[in-house]
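Pasting start12.cif here (mmCIF, C-alpha atoms):
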data_upload
#
loop_
_atom_site.group_PDB
_atom_site.id
_atom_site.type_symbol
_atom_site.label_atom_id
_atom_site.label_comp_id
_atom_site.auth_asym_id
_atom_site.auth_seq_id
_atom_site.Cartn_x
_atom_site.Cartn_y
_atom_site.Cartn_z
ATOM 1 C CA MET A 5 48.960 -14.017 -59.468
ATOM 2 C CA ALA A 6 51.714 -11.774 -58.122
ATOM 3 C CA LYS A 7 51.227 -10.194 -54.738
ATOM 4 C CA HIS A 8 52.020 -6.482 -54.551
ATOM 5 C CA THR A 9 53.347 -4.566 -51.605
ATOM 6 C CA VAL A 10 52.538 -0.880 -51.618
ATOM 7 C CA MET A 11 55.153 1.471 -50.277
ATOM 8 C CA VAL A 12 55.292 5.205 -49.916
ATOM 9 C CA LYS A 13 58.800 6.519 -50.366
ATOM 10 C CA GLN A 14 59.043 9.740 -48.428
ATOM 11 C CA VAL A 15 61.717 12.303 -49.092
ATOM 12 C CA TRP A 16 62.530 13.201 -45.492
ATOM 13 C CA LEU A 17 65.607 15.315 -46.168
ATOM 14 C CA ALA A 18 63.744 17.472 -48.683
ATOM 15 C CA ALA A 19 60.861 17.812 -46.240
ATOM 16 C CA LEU A 20 63.146 19.074 -43.513
ATOM 17 C CA ILE A 21 64.865 21.526 -45.817
ATOM 18 C CA ALA A 22 61.511 22.872 -46.984
ATOM 19 C CA ILE A 23 60.299 23.656 -43.463
ATOM 20 C CA ALA A 24 60.826 27.380 -43.036
ATOM 21 C CA THR A 25 59.380 30.121 -40.914
ATOM 22 C CA VAL A 26 57.639 33.126 -42.289
ATOM 23 C CA GLY A 27 60.503 35.524 -41.771
ATOM 24 C CA CYS A 28 63.872 34.297 -40.602
ATOM 25 C CA SER A 29 64.276 30.530 -40.769
ATOM 26 C CA SER A 30 67.394 30.621 -38.572
ATOM 27 C CA GLN A 31 65.121 31.264 -35.589
ATOM 28 C CA LEU A 32 63.108 28.071 -36.030
ATOM 29 C CA ASN A 33 63.288 25.897 -32.957
ATOM 30 C CA PRO A 34 64.956 22.552 -33.821
ATOM 31 C CA LYS A 35 62.444 20.792 -31.528
ATOM 32 C CA VAL A 36 59.627 22.038 -33.764
ATOM 33 C CA LYS A 37 61.390 20.698 -36.882
ATOM 34 C CA ARG A 38 61.882 17.302 -35.220
ATOM 35 C CA ASP A 39 58.285 17.279 -34.005
ATOM 36 C CA ILE A 40 56.911 17.952 -37.492
ATOM 37 C CA ASP A 41 59.167 15.254 -38.946
ATOM 38 C CA HIS A 42 58.132 12.790 -36.238
ATOM 39 C CA GLN A 43 54.424 13.480 -36.731
ATOM 40 C CA LEU A 44 54.662 13.062 -40.505
ATOM 41 C CA ARG A 45 56.567 9.802 -40.086
ATOM 42 C CA ALA A 46 53.876 8.595 -37.689
ATOM 43 C CA LYS A 47 51.269 9.158 -40.438
ATOM 44 C CA ARG A 48 53.181 7.061 -42.980
ATOM 45 C CA GLY A 49 50.975 3.966 -42.590
ATOM 46 C CA HIS A 50 47.825 6.044 -43.014
ATOM 47 C CA ILE A 51 49.232 7.752 -46.099
ATOM 48 C CA GLU A 52 50.156 4.343 -47.519
ATOM 49 C CA ALA A 53 46.543 3.265 -46.960
ATOM 50 C CA CYS A 54 45.389 6.293 -49.004
ATOM 51 C CA TYR A 55 47.611 5.116 -51.844
ATOM 52 C CA ARG A 56 46.505 1.465 -51.528
ATOM 53 C CA SER A 57 42.927 2.645 -52.105
ATOM 54 C CA LEU A 58 44.024 4.310 -55.340
ATOM 55 C CA VAL A 59 45.894 1.190 -56.483
ATOM 56 C CA LYS A 60 42.877 -1.042 -55.733
ATOM 57 C CA LYS A 61 40.524 1.036 -57.864
ATOM 58 C CA ALA A 62 42.993 1.379 -60.770
ATOM 59 C CA ASP A 63 42.367 -0.456 -64.041
ATOM 60 C CA LYS A 64 43.915 -3.910 -63.598
ATOM 61 C CA SER A 65 45.212 -3.991 -67.181
ATOM 62 C CA ALA A 66 46.999 -0.625 -66.870
ATOM 63 C CA PRO A 67 50.302 0.052 -65.117
ATOM 64 C CA LYS A 68 49.936 0.781 -61.415
ATOM 65 C CA PRO A 69 49.674 4.492 -60.643
ATOM 66 C CA THR A 70 52.948 5.973 -59.416
ATOM 67 C CA GLY A 71 54.147 9.495 -58.912
ATOM 68 C CA LYS A 72 54.947 12.310 -56.553
ATOM 69 C CA LEU A 73 52.962 15.003 -54.866
ATOM 70 C CA SER A 74 53.871 17.874 -52.630
ATOM 71 C CA LEU A 75 51.832 18.404 -49.506
ATOM 72 C CA SER A 76 51.793 22.020 -48.359
ATOM 73 C CA PHE A 77 50.430 23.365 -45.083
ATOM 74 C CA ASP A 78 50.851 26.110 -42.524
ATOM 75 C CA VAL A 79 51.558 25.560 -38.836
ATOM 76 C CA LEU A 80 50.228 28.310 -36.590
ATOM 77 C CA THR A 81 51.809 29.338 -33.296
ATOM 78 C CA SER A 82 48.999 27.415 -31.596
ATOM 79 C CA GLY A 83 50.298 24.256 -33.304
ATOM 80 C CA ALA A 84 47.220 24.048 -35.536
ATOM 81 C CA ILE A 85 47.705 22.706 -39.066
ATOM 82 C CA VAL A 86 45.837 24.889 -41.590
ATOM 83 C CA ALA A 87 45.760 25.792 -45.297
ATOM 84 C CA ILE A 88 46.469 22.206 -46.340
ATOM 85 C CA GLU A 89 46.919 21.714 -50.090
ATOM 86 C CA VAL A 90 48.275 19.163 -52.507
ATOM 87 C CA LYS A 91 50.545 20.843 -55.032
ATOM 88 C CA ASP A 92 52.445 19.567 -58.033
ATOM 89 C CA SER A 93 50.771 16.164 -58.009
ATOM 90 C CA GLN A 94 51.629 13.594 -60.656
ATOM 91 C CA LEU A 95 48.609 11.604 -59.425
ATOM 92 C CA ALA A 96 45.420 13.411 -60.438
ATOM 93 C CA ASP A 97 43.142 11.607 -58.007
ATOM 94 C CA GLN A 98 40.993 13.796 -55.765
ATOM 95 C CA ALA A 99 40.252 10.957 -53.317
ATOM 96 C CA LEU A 100 43.991 10.393 -52.800
ATOM 97 C CA HIS A 101 44.556 14.116 -52.311
ATOM 98 C CA ALA A 102 41.680 14.396 -49.805
ATOM 99 C CA CYS A 103 42.921 11.372 -47.862
ATOM 100 C CA VAL A 104 46.516 12.655 -47.651
ATOM 101 C CA MET A 105 45.306 16.127 -46.620
ATOM 102 C CA ALA A 106 43.140 14.564 -43.884
ATOM 103 C CA GLN A 107 46.235 12.834 -42.501
ATOM 104 C CA ALA A 108 48.101 16.147 -42.355
ATOM 105 C CA LYS A 109 45.112 17.799 -40.646
ATOM 106 C CA ALA A 110 45.218 15.125 -37.911
ATOM 107 C CA ILE A 111 48.789 15.993 -36.882
ATOM 108 C CA LYS A 112 49.097 17.124 -33.255
ATOM 109 C CA LEU A 113 52.340 18.892 -32.438
ATOM 110 C CA ALA A 114 53.874 18.670 -28.986
ATOM 111 C CA HIS A 115 56.122 21.682 -29.682
ATOM 112 C CA LYS A 116 54.487 24.903 -30.865
ATOM 113 C CA PRO A 117 56.446 27.185 -33.209
ATOM 114 C CA ASP A 118 57.283 30.747 -32.159
ATOM 115 C CA ARG A 119 56.292 31.937 -35.635
ATOM 116 C CA PRO A 120 53.888 30.590 -38.261
ATOM 117 C CA LEU A 121 55.504 27.995 -40.528
ATOM 118 C CA LYS A 122 54.962 27.037 -44.153
ATOM 119 C CA VAL A 123 55.730 23.331 -44.692
ATOM 120 C CA HIS A 124 56.255 21.629 -48.055
ATOM 121 C CA TYR A 125 56.368 17.872 -47.763
ATOM 122 C CA PRO A 126 57.139 15.771 -50.863
ATOM 123 C CA VAL A 127 55.780 12.225 -51.035
ATOM 124 C CA ASP A 128 56.711 9.650 -53.689
ATOM 125 C CA PHE A 129 54.165 6.869 -54.296
ATOM 126 C CA ALA A 130 55.183 3.590 -55.941
ATOM 127 C CA VAL A 131 54.148 -0.053 -55.979
ATOM 128 C CA VAL A 132 56.999 -2.339 -54.946
ATOM 129 C CA ARG A 133 56.767 -5.963 -56.091
#

Would you give me this structure, written as structure tokens?
Amino acid sequence: MAKHTVMVKQVWLAALIAIATVGCSSQLNPKVKRDIDHQLRAKRGHIEACYRSLVKKADKSAPKPTGKLSLSFDVLTSGAIVAIEVKDSQLADQALHACVMAQAKAIKLAHKPDRPLKVHYPVDFAVVR
């Protein structure tokens, strides 16, 4: 029996480009961008665990579920993460979506933005053998 390693490929460059303020994005503090990126990277293992749960419950005779989703959320000036949604998901699994959204909700930013932010964070899920 082959052993599978589950990996989440995250599109960091696209995530950074998608981070924009409501209003003028040129005024976004670079420390806030780095903080968001750092916090999302820190959640990678937890997000991989969300995906492993999906792979474990998948039909063993079918191909392993793979695909992308876009995580969307707002960051308030208090640093709170709100309005978390999964958009454009190629994986129609509500448990996966709920798990990934819970990971985003748990983010604690050290640097608070001067303006509310809308973040779009693409995640690519695949099983690597």

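Residues within 7 Å of range 91-99 of chain A, counting only C-alpha atoms and excluding same-chain residues fewer than 4 positions away, are Gly71, Lys72, Leu73, Ser74, Leu75, Ser76 and Cys103 of chain A.
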
Please provide as number ranges by chain all residues within 7 Å of Val36 in chain A, with the sequence filter that same-chain residues fewer than 6 positions apart are discarded (counting only C-alpha atoms).
A: 115-117

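Counting from CA of Arg56 in chain A, the distance to CA of Lys37 in chain A is 28.4 Å.
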
Using the chain letters and numbering of this document, enumerate as a VMD selection string the residues selected by the PyMOL selection byres ((chain A and resi 77) around 8).
chain A and resid 75 to 76 78 to 79 85 to 89 122 to 124

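Between CA of Val104 in chain A and CA of Lys68 in chain A the interatomic distance comes to 18.5 Å.
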
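Residues captured in this structure file are Trp16, Ala19, Leu20, Lys35, Val36, Lys37, Arg38, Asp39, Ile40, Asp41, Gln43, Leu44, Arg45, Ala46, Lys47, Arg48, Ile111, Lys112, Leu113, Ala114 and His115 of chain A, according to the PyMOL selection byres ((chain A and resi 42) around 12).
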
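Rounded to one decimal, CA of Pro67 in chain A and CA of Tyr125 in chain A lie 25.6 Å from each other.
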
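Proximity to Glu52 in chain A was assessed for A:Gly83, A:Pro126, A:Leu100, A:Ala66 counting only C-alpha atoms; the smallest distance is recorded for A:Leu100.
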
Could you write out as JSON the box around range 105-113 of chain A (axis-aligned, all atoms listed in the file, 3 Å on each side), with centre and edge lengths in Å to one decimal?
{"center_x": 47.7, "center_y": 15.9, "center_z": -39.5, "size_x": 15.2, "size_y": 12.1, "size_z": 20.2}

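Using all atoms listed in the file, the nearest neighbour of Ala110 in chain A within the list A:His50, A:Asp63, A:Thr70, A:Phe129 is A:His50.
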
Using all atoms listed in the file for the distances, tell me which of A:His101, A:Asn33, A:Asp118, A:Val90 is nearest to Ser57 in chain A.
A:His101
